[in-house]
Every structure is written in C-alpha cells, then in structure tokens.
$ cat upload-v2.cif   # mmCIF, C-alpha atoms
data_target
loop_
_atom_site.label_atom_id
_atom_site.label_comp_id
_atom_site.auth_asym_id
_atom_site.auth_seq_id
_atom_site.Cartn_x
_atom_site.Cartn_y
_atom_site.Cartn_z
CA MET A 86 0.00 0.00 0.00
CA SER A 87 1.49 3.37 -1.04
CA PHE A 88 1.38 6.41 1.23
CA PHE A 89 -1.27 8.05 -0.95
CA GLU A 90 -3.44 4.90 -0.76
CA LEU A 91 -3.00 5.00 3.00
CA ILE A 92 -4.29 8.57 3.30
CA GLN A 93 -7.12 7.74 0.87
CA TRP A 94 -8.11 4.96 3.25
CA LEU A 95 -7.74 7.34 6.21
CA GLU A 96 -10.10 9.82 4.56
CA GLN A 97 -12.79 7.15 4.29
CA THR A 98 -12.70 6.13 7.97
CA ARG A 99 -15.79 6.81 10.06
CA ILE A 100 -14.14 9.61 12.06
CA ALA A 101 -12.90 11.33 8.88
CA VAL A 102 -16.37 11.26 7.34
CA LEU A 103 -17.79 12.64 10.59
CA VAL A 104 -15.27 15.52 10.55
CA ARG A 105 -16.36 16.43 7.00
CA GLU A 106 -20.09 15.96 7.38
CA ASP A 107 -20.96 16.92 10.94
CA LEU A 108 -22.07 20.54 11.19
CA TRP A 109 -20.31 21.23 14.52
CA LEU A 110 -17.39 18.81 14.75
CA PHE A 111 -15.15 20.65 12.26
CA PRO A 112 -15.49 24.14 13.83
CA ILE A 113 -15.09 22.65 17.33
CA LEU A 114 -11.93 20.78 16.28
CA VAL A 115 -10.44 23.87 14.60
CA SER A 116 -11.09 25.93 17.75
CA ILE A 117 -9.56 23.29 20.02
CA HIS A 118 -6.58 22.93 17.68
CA ILE A 119 -5.88 26.69 17.62
CA LEU A 120 -6.30 27.07 21.39
CA GLY A 121 -4.06 24.06 22.03
CA LEU A 122 -1.46 25.54 19.70
CA THR A 123 -1.43 28.98 21.36
CA LEU A 124 -1.05 27.39 24.80
CA SER A 125 1.55 24.83 23.73
CA VAL A 126 3.80 27.02 21.60
CA GLY A 127 3.19 30.11 23.76
CA THR A 128 4.56 28.42 26.88
CA LEU A 129 7.35 26.59 25.01
CA LEU A 130 8.49 29.97 23.68
CA TRP A 131 9.49 31.05 27.22
CA PHE A 132 11.69 27.99 27.60
CA ASP A 133 13.26 28.65 24.18
CA LEU A 134 13.89 32.28 25.14
CA ARG A 135 15.62 31.10 28.33
CA LEU A 136 17.89 28.87 26.22
CA LEU A 137 18.74 31.92 24.13
CA GLY A 138 19.53 33.98 27.25
CA PHE A 139 16.36 36.14 27.24
CA GLY A 140 13.17 36.25 29.30
CA ILE A 141 13.31 34.70 32.77
CA ARG A 142 17.10 34.48 33.09
CA HIS A 143 17.08 34.14 36.88
CA CYS A 144 15.35 30.77 36.74
CA SER A 145 17.45 27.64 36.23
CA VAL A 146 16.93 25.94 32.86
CA SER A 147 15.81 22.70 34.53
CA GLY A 148 13.48 24.60 36.93
CA LEU A 149 11.76 26.46 34.10
CA TYR A 150 11.50 23.21 32.13
CA ARG A 151 9.75 21.47 35.05
CA ARG A 152 7.20 24.30 35.39
CA VAL A 153 6.45 24.91 31.73
CA MET A 154 6.49 21.39 30.34
CA PRO A 155 3.24 20.09 31.94
CA TRP A 156 1.32 22.93 30.25
CA MET A 157 3.20 22.48 27.02
CA LEU A 158 2.79 18.70 26.87
CA ALA A 159 -0.89 18.67 27.87
CA SER A 160 -1.81 21.26 25.24
CA PHE A 161 0.51 19.59 22.72
CA PHE A 162 -1.45 16.35 23.20
CA VAL A 163 -4.73 18.22 22.60
CA MET A 164 -3.23 19.87 19.52
CA VAL A 165 -2.00 16.54 18.08
CA VAL A 166 -5.33 14.73 18.63
CA SER A 167 -7.43 17.55 17.14
CA GLY A 168 -4.91 18.07 14.32
CA SER A 169 -4.88 14.37 13.42
CA MET A 170 -8.67 14.31 13.24
CA LEU A 171 -8.70 17.41 11.01
CA PHE A 172 -6.04 15.85 8.78
CA ALA A 173 -8.02 12.61 8.50
CA GLY A 174 -11.06 14.54 7.28
CA PHE A 175 -9.17 16.25 4.46
CA ALA A 176 -6.14 13.98 4.05
CA THR A 177 -5.87 13.87 0.24
CA SER A 178 -6.41 17.64 -0.17
CA ALA A 179 -3.86 18.31 2.58
CA TYR A 180 -1.37 15.93 0.94
CA ASP A 181 -1.38 18.10 -2.20
CA ASN A 182 -1.24 21.38 -0.29
CA VAL A 183 2.17 23.08 -0.28
CA TYR A 184 1.59 24.75 3.10
CA PHE A 185 0.70 21.42 4.68
CA ARG A 186 4.00 20.02 3.40
CA ILE A 187 5.89 23.01 4.78
CA LYS A 188 4.11 22.54 8.12
CA ALA A 189 4.92 18.82 8.16
CA VAL A 190 8.63 19.49 7.49
CA ALA A 191 8.70 22.18 10.20
CA LEU A 192 7.06 19.73 12.64
CA VAL A 193 9.71 17.11 11.88
CA VAL A 194 12.48 19.71 12.39
CA ALA A 195 10.89 20.80 15.71
CA GLY A 196 10.60 17.16 16.82
CA LEU A 197 14.19 16.27 15.89
CA ASN A 198 15.46 19.43 17.57
CA ALA A 199 13.64 18.53 20.80
CA LEU A 200 14.94 14.96 20.60
CA ILE A 201 18.56 16.10 20.15
CA TYR A 202 18.19 18.58 23.03
CA HIS A 203 16.86 15.90 25.39
CA LEU A 204 19.18 13.07 24.33
CA VAL A 205 22.40 15.06 23.94
CA THR A 206 22.45 18.70 25.09
CA GLN A 207 20.40 18.30 28.28
CA GLN A 208 22.55 15.37 29.46
CA ARG A 209 25.36 17.85 30.26
CA ILE A 210 23.14 20.49 31.88
CA ALA A 211 24.77 20.64 35.34
CA PRO A 212 27.56 23.16 34.54
CA TRP A 213 25.25 25.65 32.82
CA ASP A 214 21.84 25.06 34.45
CA GLN A 215 22.01 28.35 36.38
CA ALA A 216 24.04 30.32 33.82
CA ARG A 217 22.52 33.29 32.03
CA VAL A 218 24.47 32.74 28.84
CA LEU A 219 24.19 29.12 27.76
CA PRO A 220 26.50 27.04 25.55
CA ILE A 221 26.01 27.18 21.80
CA PRO A 222 24.16 23.82 21.43
CA ALA A 223 21.51 24.98 23.93
CA ARG A 224 21.15 28.35 22.20
CA VAL A 225 20.87 26.65 18.81
CA ALA A 226 18.14 24.37 20.21
CA GLY A 227 16.18 27.42 21.41
CA LEU A 228 16.56 29.25 18.11
CA VAL A 229 15.65 26.23 15.94
CA SER A 230 12.60 25.61 18.14
CA ILE A 231 11.34 29.20 17.81
CA ILE A 232 11.88 29.24 14.04
CA SER A 233 10.34 25.82 13.39
CA TRP A 234 7.24 26.48 15.54
CA THR A 235 6.78 29.89 13.93
CA VAL A 236 6.80 28.18 10.53
CA VAL A 237 4.30 25.57 11.85
CA ILE A 238 1.92 28.35 12.92
CA LEU A 239 2.28 30.44 9.75
CA ALA A 240 2.01 27.50 7.34
CA GLY A 241 -0.75 25.87 9.42
CA ARG A 242 -2.96 28.93 9.21
CA MET A 243 -2.26 29.30 5.47
CA ILE A 244 -3.66 25.78 4.93
CA ALA A 245 -7.11 27.07 5.86
CA TYR A 246 -6.90 29.67 3.08
CA THR A 247 -5.51 27.39 0.37
CA LEU A 248 -6.90 23.90 0.98
CA TYR A 249 -9.68 24.14 -1.58
CA GLY A 250 -7.68 25.87 -4.32
CA ILE A 251 -8.46 29.51 -3.74
CA ASP A 252 -6.92 30.36 -7.09
CA SER A 253 -9.70 28.58 -8.92
CA MET B 224 -23.06 58.41 17.25
CA PRO B 225 -24.04 55.44 15.09
CA LEU B 226 -20.95 53.64 13.84
CA SER B 227 -22.49 51.78 10.90
CA PRO B 228 -21.70 54.56 8.34
CA VAL B 229 -18.09 54.53 9.56
CA PHE B 230 -17.85 50.75 9.13
CA ASP B 231 -19.56 51.02 5.75
CA SER B 232 -17.02 53.63 4.59
CA LEU B 233 -14.16 51.54 5.97
CA ALA B 234 -15.30 48.44 4.09
CA ARG B 235 -15.43 50.46 0.84
CA THR B 236 -11.91 51.87 1.08
CA GLU B 237 -9.30 50.78 -1.48
CA PHE B 238 -7.29 49.32 1.38
CA ALA B 239 -10.18 47.04 2.45
CA THR B 240 -11.02 46.07 -1.13
CA ALA B 241 -7.40 45.13 -1.87
CA ILE B 242 -7.28 42.86 1.19
CA ASN B 243 -10.63 41.30 0.39
CA GLN B 244 -9.51 40.45 -3.14
CA SER B 245 -6.40 38.62 -1.99
CA PRO B 246 -7.05 35.44 -0.03
CA TYR B 247 -3.28 34.98 0.26
CA LEU B 248 -2.91 38.36 1.94
CA MET B 249 -5.80 37.49 4.25
CA GLY B 250 -4.05 34.18 5.01
CA VAL B 251 -0.77 35.91 5.83
CA LEU B 252 -2.55 38.42 8.07
CA SER B 253 -4.42 35.62 9.84
CA SER B 254 -1.19 33.62 10.33
CA VAL B 255 0.67 36.56 11.89
CA HIS B 256 -2.45 37.37 13.97
CA LEU B 257 -2.23 33.86 15.41
CA LEU B 258 1.47 34.39 16.21
CA GLY B 259 0.55 37.47 18.25
CA LEU B 260 -2.15 35.54 20.07
CA THR B 261 0.30 32.72 20.83
CA LEU B 262 2.70 35.21 22.40
CA ILE B 263 -0.10 36.65 24.56
CA VAL B 264 -1.50 33.30 25.77
CA GLY B 265 1.95 31.84 26.59
CA SER B 266 3.00 34.98 28.46
CA SER B 267 -0.21 35.09 30.50
CA VAL B 268 0.38 31.45 31.56
CA ILE B 269 3.95 32.34 32.62
CA THR B 270 2.53 35.26 34.64
CA CYS B 271 -0.03 32.97 36.26
CA LEU B 272 2.69 30.46 37.26
CA ARG B 273 4.66 33.25 38.97
CA CYS B 274 1.55 34.64 40.68
CA PHE B 275 0.86 31.20 42.20
CA GLY B 276 4.50 30.95 43.32
CA PHE B 277 5.38 28.06 40.99
CA LEU B 278 8.05 30.03 39.13
CA VAL B 279 11.08 31.62 40.88
CA PRO B 280 9.09 32.55 44.02
CA GLU B 281 12.30 33.76 45.68
CA ARG B 282 12.75 36.49 43.06
CA HIS B 283 10.87 39.79 42.84
CA LEU B 284 7.57 39.58 40.96
CA SER B 285 8.65 42.14 38.41
CA GLU B 286 11.49 39.91 37.19
CA VAL B 287 8.89 37.63 35.61
CA MET B 288 5.92 39.94 35.17
CA ARG B 289 7.83 42.75 33.48
CA PRO B 290 9.20 40.67 30.55
CA ALA B 291 5.91 38.74 30.36
CA GLY B 292 3.98 42.03 30.34
CA ARG B 293 6.15 43.35 27.52
CA ALA B 294 5.59 40.15 25.55
CA ILE B 295 1.82 40.49 26.07
CA LEU B 296 1.94 44.07 24.76
CA LEU B 297 4.06 42.99 21.79
CA GLY B 298 1.60 40.17 21.04
CA PHE B 299 -1.26 42.64 21.38
CA ALA B 300 0.43 45.10 18.98
CA ILE B 301 0.96 42.29 16.42
CA SER B 302 -2.66 41.13 16.80
CA LEU B 303 -3.97 44.68 16.46
CA ALA B 304 -1.79 45.48 13.44
CA THR B 305 -3.02 42.35 11.65
CA GLY B 306 -6.53 42.26 13.10
CA PHE B 307 -7.54 45.69 11.81
CA PRO B 308 -6.77 44.94 8.13
CA MET B 309 -8.74 41.68 8.47
CA PHE B 310 -11.64 43.53 10.05
CA ALA B 311 -11.74 46.33 7.45
CA PRO B 312 -13.24 44.39 4.49
CA ARG B 313 -15.95 42.83 6.66
CA ALA B 314 -16.46 45.78 9.00
CA VAL B 315 -20.19 45.94 8.31
CA THR B 316 -20.96 42.26 8.93
CA ALA B 317 -18.42 41.73 11.73
CA SER B 318 -19.59 44.76 13.70
CA VAL B 319 -23.08 43.29 14.04
CA ASN B 320 -21.84 39.76 14.65
CA PHE B 321 -22.58 38.66 18.23
CA THR B 322 -19.39 36.56 18.60
CA PHE B 323 -17.23 39.40 17.30
CA GLN B 324 -18.89 41.84 19.69
CA ILE B 325 -18.20 39.44 22.58
CA LYS B 326 -14.56 39.17 21.45
CA MET B 327 -14.20 42.97 21.41
CA ILE B 328 -15.75 43.31 24.88
CA LEU B 329 -13.39 40.62 26.24
CA LEU B 330 -10.46 42.29 24.49
CA LEU B 331 -11.33 45.63 26.08
CA ALA B 332 -11.61 43.94 29.48
CA ALA B 333 -8.22 42.25 28.98
CA VAL B 334 -6.53 45.52 27.98
CA VAL B 335 -8.08 47.39 30.96
CA PHE B 336 -6.94 44.55 33.25
CA HIS B 337 -3.41 44.74 31.83
CA PHE B 338 -3.05 48.48 32.38
CA THR B 339 -4.61 48.45 35.84
CA LEU B 340 -4.34 45.37 38.06
CA TYR B 341 -1.47 43.72 36.16
CA ARG B 342 0.59 46.93 36.10
CA TYR B 343 -0.19 47.67 39.76
CA VAL B 344 0.88 44.18 40.91
CA THR B 345 4.04 44.29 38.74
CA ARG B 346 5.10 47.67 40.14
CA SER B 347 4.16 47.17 43.78
CA GLY B 348 5.49 43.62 43.91
CA ALA B 349 4.17 43.28 47.41
CA SER B 350 0.62 42.16 46.83
CA ARG B 351 -0.80 39.53 49.12
CA PRO B 352 -1.37 36.01 47.73
CA PRO B 353 -5.13 36.36 47.09
CA TRP B 354 -4.54 39.44 44.88
CA LEU B 355 -1.61 37.81 43.18
CA ARG B 356 -3.54 34.67 42.38
CA LEU B 357 -6.51 36.71 41.18
CA THR B 358 -4.19 38.61 38.84
CA GLY B 359 -2.73 35.36 37.47
CA VAL B 360 -6.08 33.66 36.96
CA LEU B 361 -7.76 36.77 35.51
CA GLY B 362 -4.94 37.26 33.01
CA VAL B 363 -5.12 33.70 31.69
CA ALA B 364 -8.94 33.65 31.73
CA LEU B 365 -9.37 36.96 29.90
CA TRP B 366 -6.75 36.41 27.19
CA PHE B 367 -7.80 32.80 26.70
CA ALA B 368 -11.43 33.94 26.40
CA VAL B 369 -10.39 36.48 23.74
CA ALA B 370 -8.62 33.68 21.84
CA PHE B 371 -11.62 31.37 22.21
CA ALA B 372 -14.07 34.03 20.99
CA GLY B 373 -11.72 34.69 18.06
CA CYS B 374 -11.72 30.99 17.16
CA VAL B 375 -15.52 30.80 17.32
CA PHE B 376 -15.76 33.91 15.12
CA ILE B 377 -13.33 32.44 12.56
CA VAL B 378 -15.01 29.06 12.25
CA LEU B 379 -18.60 30.33 12.25
CA ASP B 380 -17.99 33.35 10.02
#
$ encode --input "upload-v2.cif" --output "structure tokens"
Amino acid sequence: MSFFELIQWLEQTRIAVLVREDLWLFPILVSIHILGLTLSVGTLLWFDLRLLGFGIRHCSVSGLYRRVMPWMLASFFVMVVSGSMLFAGFATSAYDNVYFRIKAVALVVAGLNALIYHLVTQQRIAPWDQARVLPIPARVAGLVSIISWTVVILAGRMIAYTLYGIDS
Amino acid sequence: MPLSPVFDSLARTEFATAINQSPYLMGVLSSVHLLGLTLIVGSSVITCLRCFGFLVPERHLSEVMRPAGRAILLGFAISLATGFPMFAPRAVTASVNFTFQIKMILLLAAVVFHFTLYRYVTRSGASRPPWLRLTGVLGVALWFAVAFAGCVFIVLD
C-alpha cells in the first residue's frame, strides 16, 4: 500500500467522514486545535527564550523546564489529537497542499530538535543550568525551536486559506 | 453616534477592497495574527505560574511579570496590526456579529486589566497572595477567552 493509498483509506474512515459531514465537529476541532497551539507554543516559547539567554534568566533551565512542560505537553497532546482528526477529514487535499507540506517538514524539524536537546544537550546540563548565557548547542536548540514552531503556525494557518484551491 | 456609516465607509476603502480580493494576503494576516495571540497566551500562563509561586518565588515579581507584560503588549500590537486589516473588508458584517462583539468586549476587558491590576501588581510587587492569584487567573482567563471568541468567530464566520 502506497502512502497516498494510506491517506485515501484514512479519509474514508468513520471519524474522517464525521469531521467532513458533521455541522459542529469541524469548527469545534479547529477551535480546540488553535487554542491548544497557542497554549503549547506560547509556553514553550518562554523555555526557548531562556535557552537563548532572554526572558526569565534568573530561573534555572531545569526549573523552568519542570514548570512549563506540563502545560506544554498537555496542550501539545490536545493539539495533536485535534490536528490528526482534522487531517483525516481532508487527508488527500492536505497531501497536495504546499503549506501542509511546509508545516509537516517544520514539525519534523521541531521534533528532531527537541529529541537532540533531550538526548544530547540536556545530558550535560549541570555546569550551565544556572548560567545566564548558555552554551552554543543549547542556544541553537532554542533558536531552531522558535523558528520551526513559527513556521508551523504560519504554514498551518495558510492551509485554511488554500486547501480548496483559492486560485480557482 | 451610530458607527455603521463609519464601518460602511471603511469596508469600501481601497485598502479594504485590496485585502478582500487577496485570499493569500488574508491568510498571511491571519497567520501573523495567530502568532501574536500565541505570544499573549503563553505569556499570561507564565505570569499565572509566577503569581501562584510556581516560578522563581524567591525572586521579585517584576522579574517575571515585566518581561511577560512586555511580551503580552508585543503580542497585542501584532494582533492589532493584523486584526484591523482583516476587520476592514468585513467591518459591516463583523460589527453586528454577536461573537465578534463578545470578542471585542473581552479584548477591552483584557486591555483594561493589563493596564490596571497587572501593572499595579508588577510595580508594587508586594501584593498579598489572594490578589496575586486573582491577577494570574484573571490574566489567563481573559486572554484565553479572547482567543476562544476569536476561534468561534473564525469558524462560524
């Protein structure tokens, strides 16, 4: 089964049909997705700023992480669930949409960046946990995170304006 | 003074017509609008965490609330700068839309809150816990309500 056949199948599932045909489910999902995104990325931004040496510089990196991450992860979960349902409803149209592809790439970059930070950079946090100016790998992680999530937001919103071929 | 002629004139301006004729421009404006909103919501959560003593409680309030307050104002400026051009082409219909009116009332309440209670608590730094917590909760509730009303307006418009 090719990837396109897979998303064709996805678009025919019961939940996908419900997303397309139910009068209220689509607007409710879009609202939940946007609210989840503002909460998730909005709180993550403060952690990224700390990595870059801005914002709440008096707080240790690990301390800020512990406080911000529950909000970020909970809203991220909400965003992923609602986003997956929205994608299922319009999977083949989204597959052809350039902004969806940009968003998908930016999501992968954001995910890999977080993975590298947790598996590599954060493992040597002790010497710089309290420092105001952090080592380059930590600053790069903050910068890549801000850029990739900004692209996710910008491209994600553009999908709504281009999904049905606004040129036609 | 009735505002409908003003909104009618606004919707007929070249500026509004140009935006209305370009879905891409509307998309870009909406995307940046969402960025501003993200900045506001995240910063109000950070403020709330400090007000409840979960974030650097040993440090002065202003060390968290001042940068968070600036970020909220920056997010507000971005949202305003992008929100007005989006409003202009549909000024007539949006101004009589119940959800939009609710959003504007909530926005006004959030701005008043920011320049009164939020500013007072940030400057005094010595507020007692009930006032602090009220400030934190009110900030998140008001800005989140503005975002929610905005979402409802977008999807039902």
$ interface_residues --input "upload-v2.cif" --of "chain A" --to "chain B" --cutoff "7 Å" --atoms "all atoms listed in the file" --output "MDAnalysis selection string"
chainID A and resid 112 116 120 123:124 126:128 140:141 144 152 238:239 242:243 246
$ closest_residue --input "upload-v2.cif" --among "B:Cys271, B:Ala234, B:Val369, B:Ala241" --to "Thr322 of chain B" --atoms "only C-alpha atoms"
B:Val369
$ closest_residue --input "upload-v2.cif" --among "A:Leu122, A:Ile244, A:Ile232, A:Ala211" --to "Val146 of chain A" --atoms "only C-alpha atoms"
A:Ala211
$ resolve_selection --input "upload-v2.cif" --expression "the PyMOL selection byres ((chain A and resi 91-101) around 7)" --output "MDAnalysis selection string"
chainID A and resid 86:90 102:105 170 173:177
$ residues_around --input "upload-v2.cif" --residues "Thr236 of chain B" --least-positions-apart "4" --cutoff "10 Å" --atoms "only C-alpha atoms" --output "list in words"
Asp231, Ser232, Thr240, Ala241, Ala311 and Pro312 of chain B
$ atom_distance --input "upload-v2.cif" --atom1 "atom CA of Leu365 of chain B" --atom2 "atom CA of Val115 of chain A"
20.2 Å
$ atom_distance --input "upload-v2.cif" --atom1 "atom CA of Val315 of chain B" --atom2 "atom CA of Met327 of chain B"
14.7 Å
